[in-house]
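Trainee: Sharing data_14.csv here; it has CSV, C-alpha atoms and all ligand atoms.
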chain,number,residue,atom,x,y,z
A,795,GLY,CA,89.3,102.3,84.5
A,796,VAL,CA,89.1,99.3,86.8
A,797,ASN,CA,91.0,97.5,89.5
A,798,ILE,CA,91.9,93.8,89.1
A,799,THR,CA,92.5,91.4,91.9
A,800,ILE,CA,93.5,87.7,92.5
A,801,PRO,CA,93.3,85.5,90.4
A,802,HIS,CA,93.2,87.7,87.3
A,803,LYS,CA,96.3,90.0,87.8
A,804,GLU,CA,98.5,88.0,85.4
A,805,SER,CA,95.9,86.6,82.9
A,806,VAL,CA,94.5,90.0,82.1
A,807,ILE,CA,97.8,91.2,80.6
A,808,ARG,CA,97.1,89.5,77.2
A,809,PHE,CA,94.0,91.6,76.7
A,810,LEU,CA,95.7,95.0,77.2
A,811,ASP,CA,97.3,97.3,74.6
A,812,ASP,CA,100.3,98.2,76.8
A,813,ILE,CA,101.6,97.8,80.3
A,814,SER,CA,103.8,100.1,82.5
A,815,GLU,CA,107.5,99.3,83.1
A,816,GLU,CA,106.7,98.4,86.7
A,817,ALA,CA,103.8,96.0,85.7
A,818,ARG,CA,106.2,94.4,83.3
A,819,LEU,CA,108.8,93.8,86.0
A,820,VAL,CA,106.2,92.5,88.4
A,821,GLY,CA,104.4,90.4,85.7
A,822,ALA,CA,101.0,91.4,87.1
A,823,VAL,CA,98.5,94.3,86.7
A,824,ASN,CA,96.2,95.6,89.4
A,825,THR,CA,95.0,98.8,87.6
A,826,ILE,CA,93.7,99.3,84.1
A,827,VAL,CA,93.3,102.8,82.6
A,828,TYR,CA,91.2,103.3,79.4
A,829,LYS,CA,92.6,106.3,77.6
A,830,ASP,CA,92.6,107.3,73.9
A,831,ARG,CA,90.8,104.0,73.0
A,832,LYS,CA,93.6,102.0,74.6
A,833,LEU,CA,93.8,99.8,77.6
A,834,VAL,CA,96.9,100.3,79.6
A,835,GLY,CA,97.9,98.2,82.7
A,836,TYR,CA,99.7,99.3,85.8
A,837,ASN,CA,100.8,97.8,89.1
A,838,THR,CA,100.4,100.0,92.2
A,839,ASP,CA,100.8,97.3,94.9
A,840,GLY,CA,104.5,97.7,95.5
A,841,SER,CA,104.6,101.5,95.3
A,842,GLY,CA,101.5,101.6,97.6
A,843,TYR,CA,103.4,99.4,100.1
A,844,MET,CA,106.5,101.7,100.0
A,845,ALA,CA,104.3,104.8,100.5
A,846,SER,CA,102.7,103.3,103.5
A,847,LEU,CA,106.0,102.3,105.1
A,848,LYS,CA,107.3,105.9,104.5
A,849,GLU,CA,104.2,107.5,105.8
A,850,GLU,CA,103.8,105.5,108.9
A,851,LEU,CA,107.5,104.9,109.9
A,852,GLY,CA,109.6,107.2,107.7
A,853,PHE,CA,111.4,104.1,106.4
A,854,ASN,CA,113.9,104.5,103.5
A,855,PRO,CA,115.0,101.2,102.0
A,856,LYS,CA,118.4,102.5,100.7
A,857,SER,CA,121.3,100.4,102.1
A,858,LYS,CA,118.9,98.4,104.3
A,859,ARG,CA,118.8,94.6,104.8
A,860,ILE,CA,115.4,93.2,104.1
A,861,ILE,CA,113.7,89.8,104.4
A,862,ILE,CA,110.6,89.0,102.5
A,863,ILE,CA,108.6,85.9,103.7
A,864,GLY,CA,106.6,84.5,100.8
A,865,ALA,CA,107.2,84.4,97.1
A,866,GLY,CA,103.7,84.9,95.7
A,867,GLY,CA,102.1,87.8,93.7
A,868,ALA,CA,102.3,90.4,96.6
A,869,ALA,CA,105.9,89.5,97.3
A,870,ARG,CA,106.8,90.1,93.6
A,871,GLY,CA,105.2,93.6,93.6
A,872,ILE,CA,106.9,94.6,96.8
A,873,LEU,CA,110.3,93.2,95.7
A,874,ALA,CA,110.1,95.2,92.4
A,875,ALA,CA,109.3,98.4,94.3
A,876,LEU,CA,112.0,97.8,96.9
A,877,ALA,CA,114.7,96.9,94.4
A,878,THR,CA,114.5,100.3,92.7
A,879,GLN,CA,115.4,101.9,96.1
A,880,LYS,CA,118.9,100.3,96.4
A,881,PRO,CA,118.6,98.2,99.6
A,882,LYS,CA,121.8,96.4,100.6
A,883,SER,CA,120.2,93.0,100.5
A,884,ILE,CA,116.9,91.3,99.9
A,885,THR,CA,116.4,87.7,101.1
A,886,VAL,CA,113.2,85.8,100.0
A,887,ALA,CA,112.2,83.0,102.3
A,888,ASN,CA,109.5,80.7,101.1
A,889,ARG,CA,107.9,77.4,102.0
A,890,THR,CA,108.5,76.3,98.3
A,891,LEU,CA,112.1,77.2,97.8
A,892,SER,CA,111.9,76.9,94.0
A,893,ARG,CA,109.4,79.8,93.9
A,894,ALA,CA,111.7,82.0,95.9
A,895,VAL,CA,114.6,81.1,93.6
A,896,SER,CA,112.6,81.9,90.4
A,897,LEU,CA,111.4,85.1,91.9
A,898,ILE,CA,114.8,86.5,92.6
A,899,LYS,CA,116.1,85.4,89.2
A,900,THR,CA,114.2,88.2,87.5
A,901,PHE,CA,115.9,90.8,89.7
A,902,LYS,CA,119.4,89.5,90.2
A,903,GLY,CA,121.1,90.9,87.1
A,904,LYS,CA,119.0,94.1,86.9
A,905,PHE,CA,119.7,95.8,90.3
A,906,ARG,CA,123.5,95.7,90.9
A,907,ASP,CA,123.4,97.6,94.2
A,908,THR,CA,121.4,94.8,95.9
A,909,ARG,CA,122.4,91.3,96.9
A,910,PHE,CA,119.5,88.9,96.3
A,911,GLU,CA,119.2,85.5,98.1
A,912,ALA,CA,116.5,82.8,98.3
A,913,ILE,CA,116.2,80.6,101.3
A,914,ASP,CA,113.9,77.9,102.7
A,915,LEU,CA,111.2,78.9,105.2
A,916,ASP,CA,113.1,77.0,107.9
A,917,ASN,CA,113.8,78.4,111.4
A,918,ASN,CA,117.5,77.6,111.3
A,919,MET,CA,118.0,79.3,108.0
A,920,LEU,CA,115.9,82.3,109.2
A,921,LYS,CA,118.0,82.6,112.4
A,922,MET,CA,121.1,83.0,110.4
A,923,SER,CA,119.6,85.8,108.3
A,924,PHE,CA,117.7,87.4,111.2
A,925,ASN,CA,120.8,88.7,113.1
A,926,SER,CA,121.3,91.6,110.7
A,927,VAL,CA,117.9,92.6,109.4
A,928,ASP,CA,116.3,96.0,109.3
A,929,LEU,CA,112.9,95.1,107.9
A,930,LEU,CA,111.0,91.8,107.8
A,931,ILE,CA,107.9,91.6,105.7
A,932,ASN,CA,105.3,88.8,105.8
A,933,THR,CA,103.7,88.5,102.4
A,934,THR,CA,102.3,85.0,103.0
A,935,SER,CA,98.6,84.5,103.6
A,936,VAL,CA,99.3,82.9,107.0
A,937,GLY,CA,97.6,85.0,109.7
A,938,MET,CA,94.6,86.1,107.5
A,939,LYS,CA,91.2,86.3,109.2
A,940,GLN,CA,92.6,85.3,112.6
A,941,SER,CA,94.2,82.1,111.4
A,942,LYS,CA,97.3,81.0,113.3
A,943,ALA,CA,100.6,83.1,113.3
A,944,LEU,CA,103.5,82.3,111.1
A,945,LYS,CA,106.0,80.4,113.4
A,946,ILE,CA,109.2,82.3,112.9
A,947,PRO,CA,112.0,83.1,115.5
A,948,LEU,CA,111.1,86.8,115.9
A,949,GLU,CA,113.0,87.0,119.2
A,950,THR,CA,116.3,86.6,117.3
A,951,LEU,CA,115.7,89.8,115.3
A,952,PRO,CA,117.8,92.9,116.2
A,953,LYS,CA,115.9,95.3,118.5
A,954,ILE,CA,115.9,97.9,115.7
A,955,ALA,CA,114.1,95.7,113.2
A,956,ILE,CA,110.7,96.5,111.8
A,957,VAL,CA,108.2,93.7,111.4
A,958,SER,CA,105.7,94.4,108.6
A,959,ASP,CA,102.7,92.2,107.7
A,960,ILE,CA,100.7,93.1,104.6
A,961,ILE,CA,97.6,91.3,105.8
A,962,TYR,CA,94.9,93.9,106.7
A,963,ASN,CA,92.3,91.5,108.0
A,964,PRO,CA,92.8,91.4,110.9
A,965,LEU,CA,94.3,94.9,111.2
A,966,GLU,CA,96.8,93.6,113.7
A,967,THR,CA,97.8,90.0,113.0
A,968,LEU,CA,99.1,87.5,115.7
A,969,LEU,CA,102.6,87.9,114.1
A,970,LEU,CA,102.5,91.7,114.7
A,971,LYS,CA,101.1,91.2,118.3
A,972,LYS,CA,104.0,88.9,119.1
A,973,ALA,CA,106.5,91.3,117.6
A,974,LYS,CA,105.1,94.2,119.5
A,975,LYS,CA,105.2,92.2,122.7
A,976,ILE,CA,108.9,91.7,122.4
A,977,GLY,CA,109.5,95.4,121.7
A,978,LEU,CA,109.8,95.5,117.9
A,979,THR,CA,108.4,98.2,115.7
A,980,THR,CA,105.4,96.9,113.7
A,981,HIS,CA,103.6,97.9,110.5
A,982,GLY,CA,100.2,96.5,109.3
A,983,GLY,CA,98.7,96.0,105.8
A,984,LEU,CA,95.9,98.7,105.9
A,985,GLY,CA,98.2,101.5,104.7
A,986,MET,CA,99.3,99.4,101.6
A,987,LEU,CA,95.6,98.7,100.8
A,988,VAL,CA,94.7,102.4,100.9
A,989,HIS,CA,97.8,103.7,99.1
A,990,GLN,CA,97.6,101.2,96.2
A,991,GLY,CA,94.0,102.3,95.8
A,992,ALA,CA,94.9,106.0,96.0
A,993,ARG,CA,97.5,105.5,93.2
A,994,SER,CA,95.0,103.8,91.0
A,995,PHE,CA,92.5,106.7,91.6
A,996,LYS,CA,95.2,109.2,90.5
A,997,LEU,CA,95.9,107.2,87.3
A,998,TRP,CA,92.2,107.2,86.5
A,999,THR,CA,91.3,110.8,87.4
A,1000,GLY,CA,94.6,112.7,87.4
A,1001,MET,CA,93.6,114.0,90.9
A,1002,ASP,CA,95.0,113.2,94.3
A,1003,ALA,CA,92.8,110.7,96.2
A,1004,PRO,CA,90.9,111.6,99.4
A,1005,MET,CA,93.2,109.4,101.6
A,1006,ASN,CA,91.3,110.1,104.8
A,1007,VAL,CA,87.9,109.2,103.3
A,1008,MET,CA,89.4,106.0,101.8
A,1009,ARG,CA,91.1,105.0,105.0
A,1010,LYS,CA,87.9,105.5,107.0
A,1011,ALA,CA,85.8,103.6,104.5
A,1012,ALA,CA,88.3,100.7,104.5
A,1013,LEU,CA,88.3,100.6,108.3
A,1014,LYS,CA,84.5,100.7,108.4
A,1015,ALA,CA,84.2,97.8,105.9
A,1016,LEU,CA,86.8,95.7,107.7
A,1017,LYS,CA,85.2,96.3,111.1
A,1018,MET,CA,81.8,95.3,109.7
A,1019,GLU,CA,83.3,92.1,108.2
A,1020,VAL,CA,84.9,91.2,111.6
A,1021,GLY,CA,81.5,92.0,113.3
A,1022,SER,CA,79.6,89.8,111.0
A,1023,ARG,CA,81.9,86.8,111.7
A,1024,LYS,CA,81.4,87.1,115.5
A,1101,LIG,N1,97.7,95.0,102.1
A,1101,LIG,C1,97.4,94.9,100.8
A,1101,LIG,O1,97.0,95.8,100.1
A,1101,LIG,C2,97.6,93.5,100.2
A,1101,LIG,C3,97.8,93.5,98.8
A,1101,LIG,C4,98.0,92.2,98.2
A,1101,LIG,C5,98.0,91.1,99.0
A,1101,LIG,N2,97.8,91.2,100.3
A,1101,LIG,C6,97.8,90.0,101.2
A,1101,LIG,O2,99.0,89.2,101.0
A,1101,LIG,C7,98.8,87.9,101.1
A,1101,LIG,C8,99.4,87.1,100.0
A,1101,LIG,O3,98.8,87.4,98.7
A,1101,LIG,P1,99.4,86.9,97.3
A,1101,LIG,O4,98.6,87.5,96.3
A,1101,LIG,O5,100.9,87.1,97.3
A,1101,LIG,O6,99.1,85.3,97.5
A,1101,LIG,P2,99.8,84.1,96.7
A,1101,LIG,O7,100.3,84.6,95.4
A,1101,LIG,O8,98.8,83.0,96.7
A,1101,LIG,O9,101.1,83.7,97.6
A,1101,LIG,C9,100.9,83.2,98.9
A,1101,LIG,C10,102.3,83.0,99.6
A,1101,LIG,O10,102.0,82.5,100.9
A,1101,LIG,C11,102.7,81.3,101.1
A,1101,LIG,N3,102.0,80.4,102.0
A,1101,LIG,C12,100.6,80.1,101.9
A,1101,LIG,N4,100.3,79.2,102.9
A,1101,LIG,C13,101.4,79.0,103.7
A,1101,LIG,C14,101.7,78.3,104.8
A,1101,LIG,N5,100.8,77.6,105.5
A,1101,LIG,N6,103.0,78.3,105.3
A,1101,LIG,C15,104.0,79.0,104.7
A,1101,LIG,N7,103.7,79.8,103.6
A,1101,LIG,C16,102.5,79.8,103.1
A,1101,LIG,C17,102.9,80.7,99.8
A,1101,LIG,O11,104.0,79.8,99.8
A,1101,LIG,P3,104.2,78.6,98.7
A,1101,LIG,O12,104.9,79.3,97.5
A,1101,LIG,O13,105.1,77.6,99.3
A,1101,LIG,O14,102.8,78.1,98.3
A,1101,LIG,C18,103.2,82.0,98.9
A,1101,LIG,O15,104.5,82.4,99.1
A,1101,LIG,C19,97.3,87.7,101.3
A,1101,LIG,O16,97.0,87.5,102.7
A,1101,LIG,C20,96.7,89.0,100.8
A,1101,LIG,O17,95.5,89.3,101.5
A,1101,LIG,C21,97.6,92.4,100.9
Could you show the structure in this file as structure tokens?
Mentor:
Amino acid sequence: GVNITIPHKESVIRFLDDISEEARLVGAVNTIVYKDRKLVGYNTDGSGYMASLKEELGFNPKSKRIIIIGAGGAARGILAALATQKPKSITVANRTLSRAVSLIKTFKGKFRDTRFEAIDLDNNMLKMSFNSVDLLINTTSVGMKQSKALKIPLETLPKIAIVSDIIYNPLETLLLKKAKKIGLTTHGGLGMLVHQGARSFKLWTGMDAPMNVMRKAALKALKMEVGSRK
């Protein structure tokens, strides 16, 4: 099988014989398995993210209030995985509000235990939602490769909130540094990268992936990339 990445995760679907339930919900495929002369597509991004949150922080989304910043492909995968775990609410905040609105539309009628909301990426709107949040996830590309931090009012989050950033390059984004400085628990993107790959490996081979080897290799490659930019 193969892994698929941006920008082919959606366009590849028409070439496949079948796709999994999760990939159908997400509308994107990141893993293709060739079995019995058939090409079947899966999406391991969202479940990889959830596994990393559980492994690193023991986080269980049931009955939790969650804010997702961004409404792109990664947000869709994470939303699909989270929605199956019955959180109390999921708010999607995006620079282009119409994308957030269309993202939650797919989920609204399907998951009745969760309240879905779409809001503008505007600090006044965010402050109103922030006062009762358990988990905030940055799924935008803002903060990648040492670019500037997302300007959001982190200081208005409750002290128990977790700030998660799925960017893995750098390993600790400026957003996470800021969150840590004000005493919030943080979660970076490397675990999601490793876990989504491990899930693909299992789909291809039927065997558990060597997680430690994969994590070490990912860290080494990322450190080399950072070194070559200096
Ligand atoms: N850890 C992992 O394994 C993993 C897996 C997948 C992706 N990622 C990371 O996730 C990030 C997003 O990937 P994606 O595939 O979802 O990308 P995408 O589909 O292109 O979506 C990008 C999102 O970022 C928002 N955005 C971009 N620039 C912005 C800005 N200046 N201000 C505010 N919002 C901005 C976009 O808002 P608009 O809708 O307004 O344009 C959109 O919501 C990337 O950094 C990628 O590396 C990590």
Trainee: Could you tell me which of A:Phe910, A:Tyr843, A:Phe853, A:Phe995 comes closest to ligand LIG 1101 (chain A) if we count all atoms listed in the file?
Mentor: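 Of A:Phe910, A:Tyr843, A:Phe853, A:Phe995, the one nearest ligand LIG 1101 (chain A), counting all atoms listed in the file, is A:Tyr843.
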Trainee: For ligand LIG 1101 (chain A), collect every residue having any atom at a distance of at most 6 Å from a ligand atom (counting all atoms listed in the file); output as a PyMOL selection string.
Mentor: chain A and resi 864-869+888-890+893+933-936+938+960-962+983-984+986-987
Trainee: How about saving the chosen residues, C-alpha atoms kept, as a short mmCIF file (atom, residue, chain, number, x, y, z; two decimals), in the frame of the given file?
Mentor:
data_model
loop_
_atom_site.label_atom_id
_atom_site.label_comp_id
_atom_site.auth_asym_id
_atom_site.auth_seq_id
_atom_site.Cartn_x
_atom_site.Cartn_y
_atom_site.Cartn_z
CA GLY A 864 106.60 84.50 100.80
CA ALA A 865 107.20 84.40 97.10
CA GLY A 866 103.70 84.90 95.70
CA GLY A 867 102.10 87.80 93.70
CA ALA A 868 102.30 90.40 96.60
CA ALA A 869 105.90 89.50 97.30
CA ASN A 888 109.50 80.70 101.10
CA ARG A 889 107.90 77.40 102.00
CA THR A 890 108.50 76.30 98.30
CA ARG A 893 109.40 79.80 93.90
CA THR A 933 103.70 88.50 102.40
CA THR A 934 102.30 85.00 103.00
CA SER A 935 98.60 84.50 103.60
CA VAL A 936 99.30 82.90 107.00
CA MET A 938 94.60 86.10 107.50
CA ILE A 960 100.70 93.10 104.60
CA ILE A 961 97.60 91.30 105.80
CA TYR A 962 94.90 93.90 106.70
CA GLY A 983 98.70 96.00 105.80
CA LEU A 984 95.90 98.70 105.90
CA MET A 986 99.30 99.40 101.60
CA LEU A 987 95.60 98.70 100.80
#
Trainee: A:Arg859, A:Lys829, A:Lys996, A:His989: which is nearest Met1008 in chain A, counting only C-alpha atoms?
Mentor: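 Nearest to Met1008 in chain A: A:His989.
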Trainee: Looking at A:Ile956, A:Met922, A:Val820, A:Leu997, which one is nearest to Leu873 in chain A, with distances taken over only C-alpha atoms?
Mentor: A:Val820
Trainee: In Å, with one decimal, what is the gap from CA of Ala874 in chain A to CA of Ser923 in chain A?
Mentor: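 Distance between the two atoms: 20.8 Å.
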Trainee: Between A:Gly977, A:Lys882, A:Asp914, A:Arg870, single out the one closest to Phe901 in chain A, counting all atoms listed in the file.
Mentor: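 Looking at the shortest contact to Phe901 in chain A, the residue is A:Arg870.
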